[in-house]
Amino acid sequence: MPHIDQQFEGELQHLKQEILRAGSLVEGMIARTIQALVEREAAVARDVIAQDPSVDQLQVEIDTFCLQLLALRQPTASDLRFITIGMRITTDLERIGDLAVNICEQVIHLQRDPLLKPSAVLPKMAMAAQEMLKRALDAFVHRDVSRAQGVCTTDDIVDRFCTEHYAEQVSGMQADPGTIEAGMRYILVALHCERVADHATNIAEEVIFMLQGKDIRHGRV
Amino acid sequence: MDDHGQKLSTQHLQAWFGAHLALKEVSIDIPGNRVTAIIGPSGCGKSTLIRCMNRMHETIPSARAAGAVLLDGRSIYQQDPVQLRRQVGMIFQKPNPFPTMSIIDNVTAGLRLNGLRDRRRLEEIAAQCLQKAALWEEVKDKLRYPGAGLSGGQQQRLCIARALAVNPEVLLMDEPCSALDPISTSKIEELIHELRAHYTIVLVTHNMQQAARASDQTAFMYMGRLVECGETRQVFTTPKAQQTEDYITGRFG
């Protein structure tokens, strides 16, 4: 049921559109980051880095808009939850954008290093994190609790990939100390991917809070 | 009662105006020493509900009620209505001081009606009640001035002092701030907060932010029925009923 106050209804729709715009921008950055990583494309990595200020700007705009809505509309219940999680989701998206930049910076360095034996785990891990982000944003758009719950359970898979990747890199560095610098960079990339998955999990948890009013963060039921 | 046990409750309460059924099987518990806000759109039965709580409803010709209203577990219908209204006082939407009486006479009107004549005692009680109503500092030098000469917010606090003078246990407030400016409203809300330590308060309000700010529990009524009653922080963040959600978020009303 829409609000009687059409202006407020319009403002909430606008907020949703802006969050989706930020989500789509960041999802695109992550997709291009994986492309840059897998294909060792420094130019693509630079493109991603150049997109980051747009995400930062959107975060500030969405935050300001949410504060205005809180002050001027004094929302309650589902509206209050939507506006407050809007601020939190945007913060998570901005951090994911920063992580994409961090990964791309490593990609630029790695391009200069001699080619290592391709990691079996890292692309899978990066794509799993990307899929989590996509599903978390889908859960937001479609107001789908079960999809959001699915994201939360996938986080463990990414964590396992991260551990596996770490072991793979350490063993490679032990075998050939000349690969230590590149190996360390790949470990950093994996850690950044793991953080992307954590932020995607946050978004999924926020969607559950928005829809059900249940705070499931930190294992709370 | 200070343990938040039930001070007042209604059970399957129904109220009519002629043939019109205004309250439909309303069962609600009002805990002691807490503020219960009753919200809902116009005509939902909020005022009728609280007017049943001190038998004011039955003073209207053609009005009647059925079901139970219990004060401390005892049916109010077995009590003398005049005595009951001393225990369960009422503050109305529009401040209604007795226009021809001075400030002090307004406060002590009920006591004098009950036969108290000791002037010193009356002055003592008036001072205490004006202090409790957070009005003393503003009127202590003009107690003999007419009550009608005060501002709207001061008049409403005067009416609260008048209600307190007969030593009630429950205060029913029917939109007590709807005719007041924001500063006077804040003073009344602060007063409600203070009074809660000694009295049980039921607050009918159209202002949902006031219900959110001033109450411990909130009841939502719609078309004569009690839809939901819960802790105010829960009702305003995660209401259980869809109708409550739709009303407090401005989707109907």
# chains A, B, ... in the order shown; residues from 1 in each chain; ligands from 1
>>> select_by_dssp(residues="segment 30-217 of chain B", states="helix (DSSP H, G or I)", output="ChimeraX atom specification")
/B:46-53,57-59,76-78,81-87,103-113,119-132,136-139,147-149,152-165,182-195,208-214
>>> closest_atom_pairs(of="chain A", to="chain B", cutoff="10 Å", atoms="only C-alpha atoms", output="CSV")
residue,atom,partner,partner_atom,distance
A:Met1,CA,B:Arg251,CA,6.4
A:Pro2,CA,B:Arg251,CA,5.9
A:His3,CA,B:Arg251,CA,4.1
A:Ile4,CA,B:Arg251,CA,5.2
A:Asp5,CA,B:Gly250,CA,7.2
A:Gln6,CA,B:Arg251,CA,10.0
A:Phe8,CA,B:Gly250,CA,9.5
A:Glu9,CA,B:Arg251,CA,9.5
A:Arg73,CA,B:Thr249,CA,10.0
A:Gln74,CA,B:Gln209,CA,7.9
A:Pro75,CA,B:Thr249,CA,6.7
A:Thr76,CA,B:Phe236,CA,5.5
A:Ala77,CA,B:Thr237,CA,4.0
A:Ser78,CA,B:Thr237,CA,7.1
A:Asp79,CA,B:Thr249,CA,6.7
A:Leu80,CA,B:Thr237,CA,7.2
A:Arg81,CA,B:Thr237,CA,7.4
A:Phe209,CA,B:Thr238,CA,9.9
A:Met210,CA,B:Thr238,CA,9.8
A:Leu211,CA,B:Thr238,CA,9.8
A:Gln212,CA,B:Thr238,CA,7.9
A:Gly213,CA,B:Thr238,CA,5.8
A:Lys214,CA,B:Thr238,CA,8.8
>>> write_last_selection(atoms="N, CA and C atoms", output="PDB file, in the first residue's frame")
ATOM      1  N   MET A   1       0.855  -1.190   0.000  1.00  0.00           N
ATOM      2  CA  MET A   1       0.000   0.000   0.000  1.00  0.00           C
ATOM      3  C   MET A   1       0.900   1.253   0.000  1.00  0.00           C
ATOM      4  N   PRO A   2       0.667   2.167  -0.984  1.00  0.00           N
ATOM      5  CA  PRO A   2       1.521   3.367  -1.003  1.00  0.00           C
ATOM      6  C   PRO A   2       1.140   4.343   0.116  1.00  0.00           C
ATOM      7  N   HIS A   3       2.055   5.280   0.394  1.00  0.00           N
ATOM      8  CA  HIS A   3       1.758   6.285   1.407  1.00  0.00           C
ATOM      9  C   HIS A   3       0.695   7.253   0.896  1.00  0.00           C
ATOM     10  N   ILE A   4      -0.089   7.785   1.841  1.00  0.00           N
ATOM     11  CA  ILE A   4      -1.073   8.809   1.466  1.00  0.00           C
ATOM     12  C   ILE A   4      -0.316  10.040   0.955  1.00  0.00           C
ATOM     13  N   ASP A   5       0.788  10.348   1.627  1.00  0.00           N
ATOM     14  CA  ASP A   5       1.623  11.488   1.242  1.00  0.00           C
ATOM     15  C   ASP A   5       2.463  11.084   0.027  1.00  0.00           C
ATOM     16  N   GLN A   6       2.005  11.530  -1.143  1.00  0.00           N
ATOM     17  CA  GLN A   6       2.656  11.135  -2.398  1.00  0.00           C
ATOM     18  C   GLN A   6       4.103  11.625  -2.469  1.00  0.00           C
ATOM     19  N   PHE A   8       6.229  11.955   0.012  1.00  0.00           N
ATOM     20  CA  PHE A   8       7.062  11.042   0.807  1.00  0.00           C
ATOM     21  C   PHE A   8       7.262   9.731   0.056  1.00  0.00           C
ATOM     22  N   GLU A   9       6.182   9.231  -0.547  1.00  0.00           N
ATOM     23  CA  GLU A   9       6.267   8.000  -1.344  1.00  0.00           C
ATOM     24  C   GLU A   9       7.336   8.179  -2.435  1.00  0.00           C
ATOM     25  N   ARG A  73      10.800  13.800   7.922  1.00  0.00           N
ATOM     26  CA  ARG A  73       9.642  12.896   7.818  1.00  0.00           C
ATOM     27  C   ARG A  73       9.378  12.093   9.080  1.00  0.00           C
ATOM     28  N   GLN A  74      10.376  12.035   9.961  1.00  0.00           N
ATOM     29  CA  GLN A  74      10.252  11.243  11.193  1.00  0.00           C
ATOM     30  C   GLN A  74       9.595   9.893  10.918  1.00  0.00           C
ATOM     31  N   PRO A  75      10.262   9.077  10.103  1.00  0.00           N
ATOM     32  CA  PRO A  75       9.653   7.812   9.682  1.00  0.00           C
ATOM     33  C   PRO A  75       9.575   6.801  10.827  1.00  0.00           C
ATOM     34  N   THR A  76       8.685   5.835  10.655  1.00  0.00           N
ATOM     35  CA  THR A  76       8.544   4.772  11.662  1.00  0.00           C
ATOM     36  C   THR A  76       8.536   3.419  10.948  1.00  0.00           C
ATOM     37  N   ALA A  77       8.630   2.364  11.747  1.00  0.00           N
ATOM     38  CA  ALA A  77       8.457   0.981  11.295  1.00  0.00           C
ATOM     39  C   ALA A  77       9.252   0.683  10.009  1.00  0.00           C
ATOM     40  N   SER A  78       8.609   0.114   8.989  1.00  0.00           N
ATOM     41  CA  SER A  78       9.366  -0.334   7.806  1.00  0.00           C
ATOM     42  C   SER A  78      10.058   0.842   7.109  1.00  0.00           C
ATOM     43  N   ASP A  79       9.437   2.022   7.136  1.00  0.00           N
ATOM     44  CA  ASP A  79      10.085   3.187   6.507  1.00  0.00           C
ATOM     45  C   ASP A  79      11.376   3.545   7.250  1.00  0.00           C
ATOM     46  N   LEU A  80      11.306   3.507   8.566  1.00  0.00           N
ATOM     47  CA  LEU A  80      12.489   3.819   9.381  1.00  0.00           C
ATOM     48  C   LEU A  80      13.597   2.799   9.099  1.00  0.00           C
ATOM     49  N   ARG A  81      13.206   1.526   9.039  1.00  0.00           N
ATOM     50  CA  ARG A  81      14.219   0.488   8.792  1.00  0.00           C
ATOM     51  C   ARG A  81      14.810   0.647   7.396  1.00  0.00           C
ATOM     52  N   PHE A 209      17.007  -7.361   7.982  1.00  0.00           N
ATOM     53  CA  PHE A 209      16.524  -6.418   9.012  1.00  0.00           C
ATOM     54  C   PHE A 209      15.444  -5.506   8.430  1.00  0.00           C
ATOM     55  N   MET A 210      15.689  -5.041   7.212  1.00  0.00           N
ATOM     56  CA  MET A 210      14.712  -4.142   6.575  1.00  0.00           C
ATOM     57  C   MET A 210      13.357  -4.842   6.422  1.00  0.00           C
ATOM     58  N   LEU A 211      13.393  -6.111   6.017  1.00  0.00           N
ATOM     59  CA  LEU A 211      12.146  -6.803   5.702  1.00  0.00           C
ATOM     60  C   LEU A 211      11.450  -7.372   6.930  1.00  0.00           C
ATOM     61  N   GLN A 212      12.251  -7.859   7.877  1.00  0.00           N
ATOM     62  CA  GLN A 212      11.633  -8.571   9.003  1.00  0.00           C
ATOM     63  C   GLN A 212      11.834  -7.890  10.353  1.00  0.00           C
ATOM     64  N   GLY A 213      12.700  -6.882  10.394  1.00  0.00           N
ATOM     65  CA  GLY A 213      12.986  -6.232  11.668  1.00  0.00           C
ATOM     66  C   GLY A 213      13.848  -7.093  12.581  1.00  0.00           C
ATOM     67  N   LYS A 214      14.446  -8.158  12.034  1.00  0.00           N
ATOM     68  CA  LYS A 214      15.286  -9.048  12.857  1.00  0.00           C
ATOM     69  C   LYS A 214      16.750  -8.707  12.615  1.00  0.00           C
TER      70      LYS A 214
END
>>> atom_distance(atom1="atom CA of Ile39 of chain B", atom2="atom CA of Phe220 of chain B")
5.0 Å
>>> atom_distance(atom1="atom CA of Cys152 of chain A", atom2="atom CA of Ala120 of chain A")
24.1 Å
>>> residues_around(residues="Gly40 of chain B", least_positions_apart="4", cutoff="10 Å", atoms="only C-alpha atoms", output="short mmCIF file (atom, residue, chain, number, x, y, z; two decimals) with N, CA, C and O atoms, in the first residue's frame")
data_model
loop_
_atom_site.label_atom_id
_atom_site.label_comp_id
_atom_site.auth_asym_id
_atom_site.auth_seq_id
_atom_site.Cartn_x
_atom_site.Cartn_y
_atom_site.Cartn_z
N CYS B 44 -12.01 5.90 15.83
CA CYS B 44 -11.65 4.49 16.04
C CYS B 44 -12.06 4.01 17.43
O CYS B 44 -12.02 2.81 17.71
N GLY B 45 -12.41 4.95 18.32
CA GLY B 45 -12.87 4.53 19.66
C GLY B 45 -11.89 4.84 20.78
O GLY B 45 -12.12 4.42 21.92
N LYS B 46 -10.83 5.58 20.49
CA LYS B 46 -9.81 5.88 21.52
C LYS B 46 -10.43 6.62 22.72
O LYS B 46 -10.27 6.20 23.86
N VAL B 204 -4.38 9.49 25.19
CA VAL B 204 -4.93 9.39 23.83
C VAL B 204 -4.30 10.51 23.01
O VAL B 204 -4.28 11.66 23.44
N THR B 205 -3.75 10.16 21.87
CA THR B 205 -3.12 11.20 21.06
C THR B 205 -3.24 10.90 19.58
O THR B 205 -3.21 9.74 19.16
N HIS B 206 -3.37 11.96 18.81
CA HIS B 206 -3.33 11.85 17.35
C HIS B 206 -1.91 12.01 16.85
O HIS B 206 -1.61 11.77 15.69
N ASN B 207 -1.06 12.49 17.75
CA ASN B 207 0.32 12.79 17.36
C ASN B 207 1.18 11.55 17.64
O ASN B 207 1.51 11.25 18.78
N MET B 208 1.53 10.85 16.56
CA MET B 208 2.25 9.59 16.76
C MET B 208 3.64 9.79 17.33
O MET B 208 4.16 8.96 18.06
N ALA B 219 -1.03 1.35 22.22
CA ALA B 219 -2.12 0.52 21.70
C ALA B 219 -2.62 1.18 20.42
O ALA B 219 -2.80 2.40 20.38
N PHE B 220 -2.82 0.38 19.39
CA PHE B 220 -3.37 0.91 18.14
C PHE B 220 -4.79 0.41 17.98
O PHE B 220 -5.05 -0.79 18.06
N MET B 221 -5.74 1.34 17.78
CA MET B 221 -7.14 0.96 17.59
C MET B 221 -7.60 1.32 16.20
O MET B 221 -7.15 2.32 15.62
N TYR B 222 -8.50 0.50 15.67
CA TYR B 222 -9.04 0.78 14.35
C TYR B 222 -10.49 0.28 14.30
O TYR B 222 -10.76 -0.88 14.63
N MET B 223 -11.38 1.15 13.94
CA MET B 223 -12.80 0.84 13.80
C MET B 223 -13.36 0.11 15.02
O MET B 223 -14.03 -0.92 14.90
N GLY B 224 -13.04 0.64 16.19
CA GLY B 224 -13.62 0.12 17.42
C GLY B 224 -12.91 -1.09 18.00
O GLY B 224 -13.29 -1.57 19.07
N LEU B 226 -9.24 -3.14 19.18
CA LEU B 226 -7.84 -3.01 19.54
C LEU B 226 -7.06 -3.92 18.59
O LEU B 226 -7.23 -5.14 18.61
N VAL B 227 -6.23 -3.31 17.76
CA VAL B 227 -5.50 -4.11 16.76
C VAL B 227 -4.22 -4.67 17.38
O VAL B 227 -3.86 -5.83 17.17
N THR B 244 -1.31 -1.86 11.79
CA THR B 244 -0.54 -0.90 12.59
C THR B 244 0.57 -0.30 11.72
O THR B 244 0.77 0.92 11.69
N TYR B 247 -0.80 2.19 9.31
CA TYR B 247 -1.25 3.44 9.93
C TYR B 247 -0.06 4.30 10.36
O TYR B 247 -0.01 5.49 10.03
N ILE B 248 0.89 3.71 11.06
CA ILE B 248 1.97 4.56 11.59
C ILE B 248 2.93 5.02 10.51
O ILE B 248 3.65 5.99 10.71
N GLY B 253 -5.53 6.41 7.13
CA GLY B 253 -5.83 7.04 8.42
C GLY B 253 -6.59 8.30 8.29
O GLY B 253 -7.09 8.82 7.43
#
>>> residues_around(residues="segment 199-204 of chain A", least_positions_apart="6", cutoff="6 Å", atoms="only C-alpha atoms", output="JSON, numbers by chain")
{"A": [89, 92, 132, 133, 136, 148, 152]}
>>> write_last_selection(atoms="all heavy atoms", output="PDB file, in the first residue's frame")
ATOM      1  N   ILE A  89      23.745   0.215   3.818  1.00  0.00           N
ATOM      2  CA  ILE A  89      24.064  -0.470   2.551  1.00  0.00           C
ATOM      3  C   ILE A  89      25.004   0.398   1.730  1.00  0.00           C
ATOM      4  O   ILE A  89      25.965  -0.082   1.128  1.00  0.00           O
ATOM      5  CB  ILE A  89      22.770  -0.777   1.743  1.00  0.00           C
ATOM      6  CG1 ILE A  89      22.012  -1.935   2.380  1.00  0.00           C
ATOM      7  CG2 ILE A  89      23.094  -1.102   0.295  1.00  0.00           C
ATOM      8  CD1 ILE A  89      20.790  -2.395   1.614  1.00  0.00           C
ATOM      9  N   ASP A  92      28.451   0.067   2.961  1.00  0.00           N
ATOM     10  CA  ASP A  92      29.055  -1.195   2.513  1.00  0.00           C
ATOM     11  C   ASP A  92      29.455  -1.114   1.042  1.00  0.00           C
ATOM     12  O   ASP A  92      30.534  -1.578   0.666  1.00  0.00           O
ATOM     13  CB  ASP A  92      28.074  -2.358   2.731  1.00  0.00           C
ATOM     14  CG  ASP A  92      28.038  -2.799   4.186  1.00  0.00           C
ATOM     15  OD1 ASP A  92      29.124  -3.054   4.747  1.00  0.00           O
ATOM     16  OD2 ASP A  92      26.952  -2.871   4.778  1.00  0.00           O
ATOM     17  N   MET A 132      27.959 -13.235  -4.539  1.00  0.00           N
ATOM     18  CA  MET A 132      27.318 -12.868  -3.262  1.00  0.00           C
ATOM     19  C   MET A 132      26.779 -11.442  -3.312  1.00  0.00           C
ATOM     20  O   MET A 132      25.677 -11.153  -2.857  1.00  0.00           O
ATOM     21  CB  MET A 132      28.313 -12.999  -2.101  1.00  0.00           C
ATOM     22  CG  MET A 132      28.561 -14.424  -1.661  1.00  0.00           C
ATOM     23  SD  MET A 132      29.883 -14.512  -0.435  1.00  0.00           S
ATOM     24  CE  MET A 132      29.109 -13.765   0.990  1.00  0.00           C
ATOM     25  N   LEU A 133      27.606 -10.546  -3.874  1.00  0.00           N
ATOM     26  CA  LEU A 133      27.181  -9.150  -3.972  1.00  0.00           C
ATOM     27  C   LEU A 133      25.930  -9.043  -4.848  1.00  0.00           C
ATOM     28  O   LEU A 133      24.960  -8.363  -4.497  1.00  0.00           O
ATOM     29  CB  LEU A 133      28.325  -8.292  -4.536  1.00  0.00           C
ATOM     30  CG  LEU A 133      27.978  -6.838  -4.824  1.00  0.00           C
ATOM     31  CD1 LEU A 133      27.551  -6.116  -3.543  1.00  0.00           C
ATOM     32  CD2 LEU A 133      29.170  -6.113  -5.458  1.00  0.00           C
ATOM     33  N   ALA A 136      22.945 -10.389  -3.011  1.00  0.00           N
ATOM     34  CA  ALA A 136      22.521  -9.494  -1.918  1.00  0.00           C
ATOM     35  C   ALA A 136      21.726  -8.316  -2.487  1.00  0.00           C
ATOM     36  O   ALA A 136      20.689  -7.920  -1.934  1.00  0.00           O
ATOM     37  CB  ALA A 136      23.736  -8.997  -1.141  1.00  0.00           C
ATOM     38  N   ALA A 148      18.486 -13.453   0.597  1.00  0.00           N
ATOM     39  CA  ALA A 148      19.436 -12.795   1.507  1.00  0.00           C
ATOM     40  C   ALA A 148      20.050 -13.813   2.470  1.00  0.00           C
ATOM     41  O   ALA A 148      21.265 -13.784   2.731  1.00  0.00           O
ATOM     42  CB  ALA A 148      18.718 -11.696   2.298  1.00  0.00           C
ATOM     43  N   CYS A 152      24.235 -15.102   3.232  1.00  0.00           N
ATOM     44  CA  CYS A 152      24.921 -15.215   4.534  1.00  0.00           C
ATOM     45  C   CYS A 152      25.611 -16.576   4.661  1.00  0.00           C
ATOM     46  O   CYS A 152      26.700 -16.667   5.217  1.00  0.00           O
ATOM     47  CB  CYS A 152      23.927 -15.021   5.678  1.00  0.00           C
ATOM     48  SG  CYS A 152      23.123 -13.406   5.633  1.00  0.00           S
TER      49      CYS A 152
END
>>> closest_residue(among="B:Asp216, B:Glu189, B:Asp72, B:Glu58", to="Glu169 of chain B", atoms="only C-alpha atoms")
B:Asp72
>>> atom_distance(atom1="atom CA of Ala241 of chain B", atom2="atom CA of Glu228 of chain B")
6.7 Å
>>> residues_around(residues="Leu70 of chain B", least_positions_apart="3", cutoff="10 Å", atoms="only C-alpha atoms", output="PyMOL selection string")
chain B and resi 6-11+29+53+73-78
>>> write_last_selection(atoms="N, CA and C atoms", output="PDB file, in the first residue's frame")
ATOM      1  N   GLN B   6      -0.774  -4.963  36.520  1.00  0.00           N
ATOM      2  CA  GLN B   6      -1.909  -4.332  35.842  1.00  0.00           C
ATOM      3  C   GLN B   6      -2.686  -3.451  36.818  1.00  0.00           C
ATOM      4  N   LYS B   7      -2.786  -2.190  36.511  1.00  0.00           N
ATOM      5  CA  LYS B   7      -3.540  -1.257  37.347  1.00  0.00           C
ATOM      6  C   LYS B   7      -5.005  -1.243  36.922  1.00  0.00           C
ATOM      7  N   LEU B   8      -5.139  -1.211  35.602  1.00  0.00           N
ATOM      8  CA  LEU B   8      -6.478  -1.055  35.037  1.00  0.00           C
ATOM      9  C   LEU B   8      -6.570  -2.022  33.864  1.00  0.00           C
ATOM     10  N   SER B   9      -7.720  -2.628  33.692  1.00  0.00           N
ATOM     11  CA  SER B   9      -7.847  -3.462  32.491  1.00  0.00           C
ATOM     12  C   SER B   9      -9.294  -3.497  32.032  1.00  0.00           C
ATOM     13  N   THR B  10      -9.451  -3.715  30.738  1.00  0.00           N
ATOM     14  CA  THR B  10     -10.806  -3.922  30.214  1.00  0.00           C
ATOM     15  C   THR B  10     -10.856  -5.333  29.648  1.00  0.00           C
ATOM     16  N   GLN B  11     -12.021  -5.945  29.752  1.00  0.00           N
ATOM     17  CA  GLN B  11     -12.196  -7.299  29.221  1.00  0.00           C
ATOM     18  C   GLN B  11     -13.456  -7.332  28.373  1.00  0.00           C
ATOM     19  N   ASP B  29      -4.752  -4.321  28.916  1.00  0.00           N
ATOM     20  CA  ASP B  29      -4.196  -4.178  30.262  1.00  0.00           C
ATOM     21  C   ASP B  29      -3.374  -2.898  30.323  1.00  0.00           C
ATOM     22  N   MET B  53     -13.221   4.142  31.069  1.00  0.00           N
ATOM     23  CA  MET B  53     -12.353   3.769  32.184  1.00  0.00           C
ATOM     24  C   MET B  53     -12.687   4.524  33.473  1.00  0.00           C
ATOM     25  N   GLY B  73      -8.161  -4.855  39.849  1.00  0.00           N
ATOM     26  CA  GLY B  73      -8.841  -6.149  39.866  1.00  0.00           C
ATOM     27  C   GLY B  73     -10.305  -6.086  40.269  1.00  0.00           C
ATOM     28  N   ARG B  74     -10.814  -4.887  40.554  1.00  0.00           N
ATOM     29  CA  ARG B  74     -12.193  -4.756  41.024  1.00  0.00           C
ATOM     30  C   ARG B  74     -13.021  -4.023  39.977  1.00  0.00           C
ATOM     31  N   SER B  75     -14.234  -4.501  39.736  1.00  0.00           N
ATOM     32  CA  SER B  75     -15.066  -3.889  38.703  1.00  0.00           C
ATOM     33  C   SER B  75     -15.397  -2.442  39.066  1.00  0.00           C
ATOM     34  N   ILE B  76     -15.193  -1.537  38.111  1.00  0.00           N
ATOM     35  CA  ILE B  76     -15.503  -0.132  38.397  1.00  0.00           C
ATOM     36  C   ILE B  76     -17.008   0.093  38.469  1.00  0.00           C
ATOM     37  N   TYR B  77     -17.758  -0.856  37.903  1.00  0.00           N
ATOM     38  CA  TYR B  77     -19.219  -0.699  37.920  1.00  0.00           C
ATOM     39  C   TYR B  77     -19.812  -0.991  39.298  1.00  0.00           C
ATOM     40  N   GLN B  78     -18.955  -1.529  40.180  1.00  0.00           N
ATOM     41  CA  GLN B  78     -19.438  -1.746  41.551  1.00  0.00           C
ATOM     42  C   GLN B  78     -19.018  -0.591  42.455  1.00  0.00           C
TER      43      GLN B  78
END
>>> residues_around(residues="Ser24 of chain A", least_positions_apart="6", cutoff="12 Å", atoms="only C-alpha atoms", output="number ranges by chain")
A: 17-18, 30-31, 54-55, 58, 90, 93-94, 96-97, 130, 133-134, 136-138, 141
>>> write_last_selection(atoms="N, CA, C and O atoms", output="JSON list (two decimals), in the first residue's frame")
[["chain", "number", "residue", "atom", "x", "y", "z"],
["A", 17, "GLN", "N", 16.01, 4.05, -5.75],
["A", 17, "GLN", "CA", 16.69, 4.15, -7.05],
["A", 17, "GLN", "C", 18.16, 4.54, -6.88],
["A", 17, "GLN", "O", 19.04, 4.03, -7.58],
["A", 18, "GLU", "N", 18.43, 5.44, -5.95],
["A", 18, "GLU", "CA", 19.81, 5.88, -5.74],
["A", 18, "GLU", "C", 20.68, 4.75, -5.17],
["A", 18, "GLU", "O", 21.84, 4.59, -5.54],
["A", 30, "ILE", "N", 33.25, -4.43, -9.57],
["A", 30, "ILE", "CA", 33.76, -5.73, -9.15],
["A", 30, "ILE", "C", 33.92, -6.66, -10.36],
["A", 30, "ILE", "O", 34.93, -7.37, -10.51],
["A", 31, "ALA", "N", 32.95, -6.62, -11.28],
["A", 31, "ALA", "CA", 33.04, -7.47, -12.48],
["A", 31, "ALA", "C", 34.29, -7.11, -13.29],
["A", 31, "ALA", "O", 35.05, -7.98, -13.73],
["A", 54, "SER", "N", 32.98, 8.36, -8.18],
["A", 54, "SER", "CA", 31.52, 8.43, -8.41],
["A", 54, "SER", "C", 30.78, 7.72, -7.29],
["A", 54, "SER", "O", 29.71, 8.17, -6.84],
["A", 55, "VAL", "N", 31.34, 6.59, -6.83],
["A", 55, "VAL", "CA", 30.70, 5.84, -5.74],
["A", 55, "VAL", "C", 30.77, 6.67, -4.46],
["A", 55, "VAL", "O", 29.79, 6.77, -3.71],
["A", 58, "LEU", "N", 28.20, 9.37, -4.60],
["A", 58, "LEU", "CA", 26.85, 8.83, -4.38],
["A", 58, "LEU", "C", 26.60, 8.53, -2.91],
["A", 58, "LEU", "O", 25.51, 8.77, -2.39],
["A", 90, "THR", "N", 24.75, 1.69, 1.73],
["A", 90, "THR", "CA", 25.59, 2.58, 0.93],
["A", 90, "THR", "C", 27.02, 2.60, 1.47],
["A", 90, "THR", "O", 27.97, 2.67, 0.69],
["A", 93, "LEU", "N", 28.59, -0.51, 0.24],
["A", 93, "LEU", "CA", 28.92, -0.41, -1.20],
["A", 93, "LEU", "C", 30.16, 0.45, -1.41],
["A", 93, "LEU", "O", 31.02, 0.13, -2.23],
["A", 94, "GLU", "N", 30.25, 1.53, -0.66],
["A", 94, "GLU", "CA", 31.42, 2.41, -0.81],
["A", 94, "GLU", "C", 32.70, 1.67, -0.44],
["A", 94, "GLU", "O", 33.72, 1.80, -1.11],
["A", 96, "ILE", "N", 33.13, -1.59, -0.63],
["A", 96, "ILE", "CA", 33.40, -2.58, -1.70],
["A", 96, "ILE", "C", 34.10, -1.87, -2.86],
["A", 96, "ILE", "O", 35.05, -2.39, -3.44],
["A", 97, "GLY", "N", 33.64, -0.65, -3.15],
["A", 97, "GLY", "CA", 34.30, 0.14, -4.20],
["A", 97, "GLY", "C", 35.76, 0.36, -3.86],
["A", 97, "GLY", "O", 36.66, 0.20, -4.72],
["A", 130, "GLN", "N", 31.73, -11.98, -5.98],
["A", 130, "GLN", "CA", 30.91, -11.18, -6.91],
["A", 130, "GLN", "C", 29.46, -11.68, -6.92],
["A", 130, "GLN", "O", 28.52, -10.89, -6.90],
["A", 133, "LEU", "N", 27.61, -10.55, -3.87],
["A", 133, "LEU", "CA", 27.18, -9.15, -3.97],
["A", 133, "LEU", "C", 25.93, -9.04, -4.85],
["A", 133, "LEU", "O", 24.96, -8.36, -4.50],
["A", 134, "LYS", "N", 25.97, -9.76, -5.97],
["A", 134, "LYS", "CA", 24.84, -9.71, -6.91],
["A", 134, "LYS", "C", 23.57, -10.22, -6.22],
["A", 134, "LYS", "O", 22.51, -9.59, -6.31],
["A", 136, "ALA", "N", 22.94, -10.39, -3.01],
["A", 136, "ALA", "CA", 22.52, -9.49, -1.92],
["A", 136, "ALA", "C", 21.73, -8.32, -2.49],
["A", 136, "ALA", "O", 20.69, -7.92, -1.93],
["A", 137, "LEU", "N", 22.21, -7.77, -3.60],
["A", 137, "LEU", "CA", 21.49, -6.64, -4.21],
["A", 137, "LEU", "C", 20.16, -7.09, -4.82],
["A", 137, "LEU", "O", 19.16, -6.38, -4.73],
["A", 138, "ASP", "N", 20.15, -8.31, -5.37],
["A", 138, "ASP", "CA", 18.87, -8.86, -5.89],
["A", 138, "ASP", "C", 17.87, -9.01, -4.74],
["A", 138, "ASP", "O", 16.68, -8.73, -4.91],
["A", 141, "VAL", "N", 16.42, -5.66, -4.07],
["A", 141, "VAL", "CA", 15.47, -5.22, -5.11],
["A", 141, "VAL", "C", 14.16, -5.99, -5.00],
["A", 141, "VAL", "O", 13.07, -5.41, -5.05]]
>>> residues_around(residues="Pro97 of chain B", least_positions_apart="5", cutoff="12 Å", atoms="only C-alpha atoms", output="PyMOL selection string")
chain B and resi 91-92+102-109+146-163
>>> closest_residue(among="B:Leu84, B:Ile201, B:Leu71, B:Ala126", to="Arg55 of chain B", atoms="only C-alpha atoms")
B:Leu84
>>> closest_residue(among="A:Gln174, A:Gln68, A:Thr33, A:Gln169", to="Val48 of chain A", atoms="only C-alpha atoms")
A:Thr33
